[in-house]
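Quick notes on the structure that follows.
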Amino acid sequence: MRFVLFYVGSIQVMQIRGSIPLLWEQIVDLSYKPRLRIIGQERTPRVVECHFQDILQGYGETIAVDLTDQRGDEGQLRAAFPVEMQKLPNVRYISFDFHHVCGSANFNNLEILYDQLSEEFEKQGYFLIDAEGNILLEQKGIIRTNCIDCLDRTNVTQSYLAQKTLNLRLQGAGILTSTECISVLSEDYGKFRTLWAEHGDEISLEYTGTYALKGDLVRYGKQTLAGIIKDGMSASSRYYLNNFQDGIWQPNALDLVSGHYTVSRSNPSPFQVKTIRISLIASALLTGGLTLTSFTIQQAGRNAQQYMSSMLWAGVTAGMVALVKANGRQLCSRPRLCGLL
């Protein structure tokens with residue numbers, strides 16, 4: 001976050017985001033939320049320690065804000081993360097169940113989180129330079145926020161903390177009184193919200209290929225009908241990309257960048273291997289089964305034979321659905337360079 005006061009200097013306040021630094025996986029299997037599994041537990045302490053040592057060396061005093069759910073699959077990470085954080089005395093860990101406390105629209109309940117970290121957050125200060133580029137103040141510390149994918153909940157929370165910072169700086173500059181906030185400056189407040197909403201969209205587009213969810217909470221401070229429709233479309237797109245597109249490109253790119261896969265001229269390219277899109281065959285069979293079932297149901301009232309035909313096709317379709325569900329992992333797109341663990 002960066003803004004200019006009276007064109008005589010610049011104030012900057014930094015926040016960071018990142019995935020939970022445990023070793024865990026979610027393998028797509030056609031379900032909307034694939035099951036989560038923690039792996040490599042013997043290596044976890046070292047991974048967590050190295051990750052936060054890097055942050056401490058780069059930014060100083062660190063507050064780790066965890067927005068994951070207490071229940072469900074996320075609860076596994078929610079239980080394991082603080083156990084590892086207790087071994088790091090120089091990092092403060094704050095657990096905040098965003099979905100439970102804020103629900104789908106209670107954005108202002110983030111004040112509960114702010115009350116827990118406000119003192120340390122304000123002590124971290126900010127980076128200040130004058131018009132000549134001379135450093136007057138430096139930020140001393142950082143807030144690191146995570147949810148599961150570090151997109152939607154994280155963006156809403158970071159925008160809230162950014163707004164708190166903006167209020168403090170404008171109050172300190174005498175532009176606002178101690179009881180006022182940026183919302184009294186309606187034009188500037190609108191620009192601030194738009195900036196953070198578009199910021200969230202850009203990160204989400206890079207990572208998922210869709211716009212961020214909960215964007216209207218950031219842009220307007222509440223959920224709107226248009227926002228709900230947009231979230232539904234983005235969620236549907238994420239489901240499709242997750243199951244049928246990302247498995248090919250994202251893991252392969254990571255394997256290449258990390259050096260996990262080494263290119264060899266003597267071996268054929270994995271991308272030249274022709275693969276049968278089983279998912280297309282399954283989709284065609286399901287569509288055909290549903291179409292025939294619907295058609296025969298419309299004719300069922302005419303005679304017993306049509307009724308039995310409807311029952312037969314309904315049974316076949318139900319069997320196909322069960323078969324597809326049971327083999328979900330095989331129907332999704334998969335990495336071609338190194339495969340799955």
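Letters for chains follow the order of the structure tokens (A, B, ...), residue numbers begin at 1 for each chain, and ligand numbers begin at 1 in the order shown.
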
Non-local contacts of Thr165 in chain A (12 Å; only C-alpha atoms; under 6 positions in same chain excluded) as a list in words
Met1, Arg2, Phe3, Ile11, Gln12, Val13, Met14, Gln15, Tyr114, Ser118, Phe121, Glu122, Lys123, Gln124, Gly125, Tyr126, Phe127, Gln158, Ser159, Gln171, Gly172, Cys181 and Ile182 of chain A

Would you put the residues from that selection into a file with C-alpha atoms, as a short mmCIF file (atom, residue, chain, number, x, y, z; two decimals), in the first residue's frame?
data_model
loop_
_atom_site.label_atom_id
_atom_site.label_comp_id
_atom_site.auth_asym_id
_atom_site.auth_seq_id
_atom_site.Cartn_x
_atom_site.Cartn_y
_atom_site.Cartn_z
CA MET A 1 0.00 0.00 0.00
CA ARG A 2 1.37 3.43 -0.94
CA PHE A 3 -0.05 6.93 -0.90
CA ILE A 11 4.33 6.83 2.93
CA GLN A 12 4.45 3.09 2.40
CA VAL A 13 3.09 0.28 4.56
CA MET A 14 3.78 -3.33 3.60
CA GLN A 15 1.80 -6.50 4.29
CA TYR A 114 -7.79 -5.71 14.78
CA SER A 118 -3.61 -3.20 16.93
CA PHE A 121 0.57 -3.28 14.34
CA GLU A 122 0.76 0.42 15.16
CA LYS A 123 4.20 0.00 16.75
CA GLN A 124 5.51 -1.45 13.48
CA GLY A 125 5.09 2.01 12.01
CA TYR A 126 5.58 2.86 8.35
CA PHE A 127 8.16 3.80 5.73
CA GLN A 158 -5.58 -7.04 4.28
CA SER A 159 -7.76 -4.30 2.81
CA GLN A 171 -5.01 11.49 11.47
CA GLY A 172 -1.31 11.94 12.17
CA CYS A 181 -11.83 7.89 9.27
CA ILE A 182 -11.19 7.86 5.53
#

DSSP-assigned strand (DSSP E or B) among range 52-176 of chain A, expressed as a ChimeraX atom specification
/A:62-66,91-95,127-130,135-137,142-146

Keeping only N, CA and C atoms, write the selected residues to a file as a CSV table (one decimal), in the first residue's frame.
chain,number,residue,atom,x,y,z
A,62,THR,N,7.3,-10.2,13.4
A,62,THR,CA,6.3,-10.8,12.5
A,62,THR,C,5.1,-11.2,13.3
A,63,ILE,N,3.9,-10.9,12.7
A,63,ILE,CA,2.6,-11.3,13.2
A,63,ILE,C,2.0,-12.2,12.2
A,64,ALA,N,1.7,-13.5,12.5
A,64,ALA,CA,1.1,-14.4,11.5
A,64,ALA,C,-0.4,-14.5,11.8
A,65,VAL,N,-1.2,-14.1,10.9
A,65,VAL,CA,-2.6,-14.1,11.0
A,65,VAL,C,-3.2,-15.3,10.2
A,66,ASP,N,-3.8,-16.2,10.8
A,66,ASP,CA,-4.4,-17.4,10.2
A,66,ASP,C,-5.9,-17.3,10.1
A,91,VAL,N,7.8,-15.0,16.7
A,91,VAL,CA,6.7,-14.8,15.8
A,91,VAL,C,5.4,-14.9,16.6
A,92,ARG,N,4.5,-13.9,16.5
A,92,ARG,CA,3.2,-14.0,17.2
A,92,ARG,C,2.2,-14.6,16.2
A,93,TYR,N,1.5,-15.6,16.7
A,93,TYR,CA,0.5,-16.3,15.9
A,93,TYR,C,-0.9,-16.0,16.4
A,94,ILE,N,-1.8,-15.5,15.5
A,94,ILE,CA,-3.1,-15.2,15.8
A,94,ILE,C,-4.1,-16.0,14.9
A,95,SER,N,-5.0,-16.7,15.6
A,95,SER,CA,-5.9,-17.6,14.8
A,95,SER,C,-7.3,-16.8,14.8
A,127,PHE,N,7.0,3.3,6.4
A,127,PHE,CA,8.2,3.8,5.7
A,127,PHE,C,7.8,5.2,5.2
A,128,LEU,N,8.7,6.2,5.4
A,128,LEU,CA,8.4,7.5,5.0
A,128,LEU,C,9.7,8.1,4.4
A,129,ILE,N,9.5,8.7,3.2
A,129,ILE,CA,10.5,9.5,2.5
A,129,ILE,C,10.1,10.9,2.2
A,130,ASP,N,11.0,11.8,2.1
A,130,ASP,CA,10.6,13.2,1.7
A,130,ASP,C,10.7,13.3,0.2
A,135,ILE,N,15.2,8.9,3.4
A,135,ILE,CA,14.4,8.1,4.3
A,135,ILE,C,14.3,8.8,5.7
A,136,LEU,N,13.1,9.0,6.1
A,136,LEU,CA,12.8,9.6,7.4
A,136,LEU,C,12.4,8.6,8.4
A,137,LEU,N,11.6,7.6,8.0
A,137,LEU,CA,11.2,6.6,9.0
A,137,LEU,C,11.2,5.2,8.2
A,142,ILE,N,6.2,-6.8,10.3
A,142,ILE,CA,5.3,-7.2,9.1
A,142,ILE,C,4.2,-8.0,9.7
A,143,ILE,N,3.0,-7.9,9.0
A,143,ILE,CA,1.9,-8.8,9.2
A,143,ILE,C,1.8,-9.7,8.0
A,144,ARG,N,1.8,-11.0,8.3
A,144,ARG,CA,1.7,-12.1,7.3
A,144,ARG,C,0.3,-12.7,7.4
A,145,THR,N,-0.5,-12.7,6.4
A,145,THR,CA,-1.9,-13.2,6.5
A,145,THR,C,-2.0,-14.4,5.6
A,146,ASN,N,-2.8,-15.4,6.0
A,146,ASN,CA,-3.1,-16.5,5.2
A,146,ASN,C,-4.5,-17.0,5.4

Compare A:Ile20, A:Val28, A:Ala226, A:Leu176 by their minimum atom-to-atom distance to Asn242 in chain A, counting only C-alpha atoms, and give me the closest one.
A:Val28

Find the residues near Gly259 in chain A: any atom within 12 Å, counting only C-alpha atoms, skip ones fewer than 6 places away on the same chain, and give them as a PyMOL selection string.
chain A and resi 252-253+337-338

If you count only C-alpha atoms, which residues fall within 10 Å of range 31-34 of chain A, apart from same-chain ones fewer than 2 positions away, as a PyMOL selection string?
chain A and resi 25-29+36-37+73+235-236+238-240+242-243+325+328-329

Near Ala197 in chain A, within 12 Å and counting only C-alpha atoms, which residues show up once chain neighbours fewer than 3 positions away are dropped, as a ChimeraX atom specification?
/A:151-152,154-160,190-194,200-204,211-221,227

Written file, previous selection with N, CA and C atoms, as an mmCIF file, in the first residue's frame:
data_model
loop_
_atom_site.group_PDB
_atom_site.id
_atom_site.type_symbol
_atom_site.label_atom_id
_atom_site.label_comp_id
_atom_site.auth_asym_id
_atom_site.auth_seq_id
_atom_site.Cartn_x
_atom_site.Cartn_y
_atom_site.Cartn_z
ATOM 1 N N LEU A 151 -6.328 -15.850 -1.131
ATOM 2 C CA LEU A 151 -6.955 -14.958 -2.094
ATOM 3 C C LEU A 151 -8.084 -14.158 -1.459
ATOM 4 N N ASP A 152 -9.247 -14.737 -1.336
ATOM 5 C CA ASP A 152 -10.453 -13.979 -1.034
ATOM 6 C C ASP A 152 -10.500 -13.480 0.413
ATOM 7 N N THR A 154 -8.091 -13.481 2.538
ATOM 8 C CA THR A 154 -6.868 -12.722 2.790
ATOM 9 C C THR A 154 -6.983 -11.309 2.250
ATOM 10 N N ASN A 155 -7.549 -11.156 1.063
ATOM 11 C CA ASN A 155 -7.652 -9.827 0.468
ATOM 12 C C ASN A 155 -8.601 -8.935 1.261
ATOM 13 N N VAL A 156 -9.721 -9.488 1.707
ATOM 14 C CA VAL A 156 -10.662 -8.703 2.507
ATOM 15 C C VAL A 156 -9.990 -8.240 3.798
ATOM 16 N N THR A 157 -9.259 -9.142 4.447
ATOM 17 C CA THR A 157 -8.605 -8.810 5.714
ATOM 18 C C THR A 157 -7.495 -7.790 5.520
ATOM 19 N N GLN A 158 -6.668 -7.978 4.499
ATOM 20 C CA GLN A 158 -5.576 -7.038 4.279
ATOM 21 C C GLN A 158 -6.091 -5.656 3.887
ATOM 22 N N SER A 159 -7.199 -5.606 3.155
ATOM 23 C CA SER A 159 -7.764 -4.298 2.807
ATOM 24 C C SER A 159 -8.271 -3.587 4.057
ATOM 25 N N TYR A 160 -8.794 -4.360 5.001
ATOM 26 C CA TYR A 160 -9.271 -3.775 6.261
ATOM 27 C C TYR A 160 -8.094 -3.197 7.052
ATOM 28 N N GLY A 190 -13.593 5.985 -2.085
ATOM 29 C CA GLY A 190 -13.982 5.174 -3.243
ATOM 30 C C GLY A 190 -12.786 4.699 -4.037
ATOM 31 N N LYS A 191 -11.799 5.578 -4.216
ATOM 32 C CA LYS A 191 -10.582 5.186 -4.941
ATOM 33 C C LYS A 191 -9.819 4.111 -4.176
ATOM 34 N N PHE A 192 -9.758 4.263 -2.857
ATOM 35 C CA PHE A 192 -9.060 3.280 -2.027
ATOM 36 C C PHE A 192 -9.714 1.903 -2.166
ATOM 37 N N ARG A 193 -11.018 1.864 -2.083
ATOM 38 C CA ARG A 193 -11.726 0.580 -2.185
ATOM 39 C C ARG A 193 -11.561 -0.032 -3.567
ATOM 40 N N THR A 194 -11.658 0.796 -4.596
ATOM 41 C CA THR A 194 -11.488 0.286 -5.952
ATOM 42 C C THR A 194 -10.087 -0.285 -6.148
ATOM 43 N N GLY A 200 -7.077 -7.351 -5.581
ATOM 44 C CA GLY A 200 -7.499 -8.726 -5.314
ATOM 45 C C GLY A 200 -7.830 -9.483 -6.591
ATOM 46 N N ASP A 201 -8.463 -8.799 -7.545
ATOM 47 C CA ASP A 201 -8.794 -9.438 -8.819
ATOM 48 C C ASP A 201 -7.540 -9.835 -9.591
ATOM 49 N N GLU A 202 -6.545 -8.959 -9.598
ATOM 50 C CA GLU A 202 -5.320 -9.241 -10.353
ATOM 51 C C GLU A 202 -4.583 -10.455 -9.795
ATOM 52 N N ILE A 203 -4.480 -10.537 -8.463
ATOM 53 C CA ILE A 203 -3.814 -11.689 -7.852
ATOM 54 C C ILE A 203 -4.600 -12.966 -8.134
ATOM 55 N N SER A 204 -5.922 -12.879 -8.024
ATOM 56 C CA SER A 204 -6.756 -14.051 -8.262
ATOM 57 C C SER A 204 -6.684 -14.512 -9.718
ATOM 58 N N TYR A 211 -11.835 -13.870 -11.348
ATOM 59 C CA TYR A 211 -11.838 -12.730 -10.441
ATOM 60 C C TYR A 211 -11.948 -13.219 -8.994
ATOM 61 N N ALA A 212 -11.535 -12.357 -8.059
ATOM 62 C CA ALA A 212 -11.593 -12.698 -6.639
ATOM 63 C C ALA A 212 -13.049 -12.798 -6.177
ATOM 64 N N LEU A 213 -13.291 -13.679 -5.221
ATOM 65 C CA LEU A 213 -14.591 -13.743 -4.567
ATOM 66 C C LEU A 213 -14.633 -12.705 -3.442
ATOM 67 N N LYS A 214 -15.840 -12.362 -3.015
ATOM 68 C CA LYS A 214 -16.037 -11.369 -1.941
ATOM 69 C C LYS A 214 -15.524 -9.981 -2.339
ATOM 70 N N GLY A 215 -15.389 -9.750 -3.643
ATOM 71 C CA GLY A 215 -14.871 -8.461 -4.092
ATOM 72 C C GLY A 215 -15.777 -7.297 -3.734
ATOM 73 N N ASP A 216 -17.104 -7.542 -3.670
ATOM 74 C CA ASP A 216 -18.006 -6.441 -3.333
ATOM 75 C C ASP A 216 -17.883 -6.023 -1.873
ATOM 76 N N LEU A 217 -17.406 -6.933 -1.003
ATOM 77 C CA LEU A 217 -17.151 -6.543 0.385
ATOM 78 C C LEU A 217 -16.050 -5.498 0.444
ATOM 79 N N VAL A 218 -15.053 -5.653 -0.405
ATOM 80 C CA VAL A 218 -13.949 -4.691 -0.446
ATOM 81 C C VAL A 218 -14.383 -3.409 -1.156
ATOM 82 N N ARG A 219 -15.093 -3.572 -2.270
ATOM 83 C CA ARG A 219 -15.441 -2.404 -3.095
ATOM 84 C C ARG A 219 -16.559 -1.566 -2.474
ATOM 85 N N TYR A 220 -17.558 -2.238 -1.845
ATOM 86 C CA TYR A 220 -18.716 -1.508 -1.327
ATOM 87 C C TYR A 220 -18.935 -1.663 0.175
ATOM 88 N N GLY A 221 -18.200 -2.579 0.806
ATOM 89 C CA GLY A 221 -18.388 -2.798 2.235
ATOM 90 C C GLY A 221 -19.558 -3.697 2.559
ATOM 91 N N GLY A 227 -22.732 -8.813 -7.022
ATOM 92 C CA GLY A 227 -21.538 -9.457 -6.480
ATOM 93 C C GLY A 227 -21.746 -10.939 -6.241
#

Which parts of range 132-288 of chain A does DSSP call helix (DSSP H, G or I) when run on the backbone here, written out as a ChimeraX atom specification?
/A:152-172,182-184,186-208,215-220,225-244,246-257,270-272,278-288

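For the atom pair formed by CA of Ser258 in chain A and CA of Gly75 in chain A, the distance is 29.2 Å, given to one decimal.
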
Find the distance between CA of His199 in chain A and CA of Asn106 in chain A and write it in Å to one decimal.
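If I compute the distance from CA of His199 in chain A to CA of Asn106 in chain A, I get 21.2 Å.
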
What is the CA of Leu161 in chain A to CA of Pro82 in chain A distance in Å?
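Separation of CA of Leu161 in chain A and CA of Pro82 in chain A: 22.2 Å.
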
Pick out the closest residue to Leu67 in chain A from this set: A:Ser19, A:Asn167, A:Asn108, A:Asn90. Count only C-alpha atoms.
A:Ser19

With distances taken over only C-alpha atoms, which of A:Ala326, A:Cys150, A:Ile228, A:Leu254 is nearest to Thr208 in chain A?
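Result for the nearest residue to Thr208 in chain A: A:Cys150.
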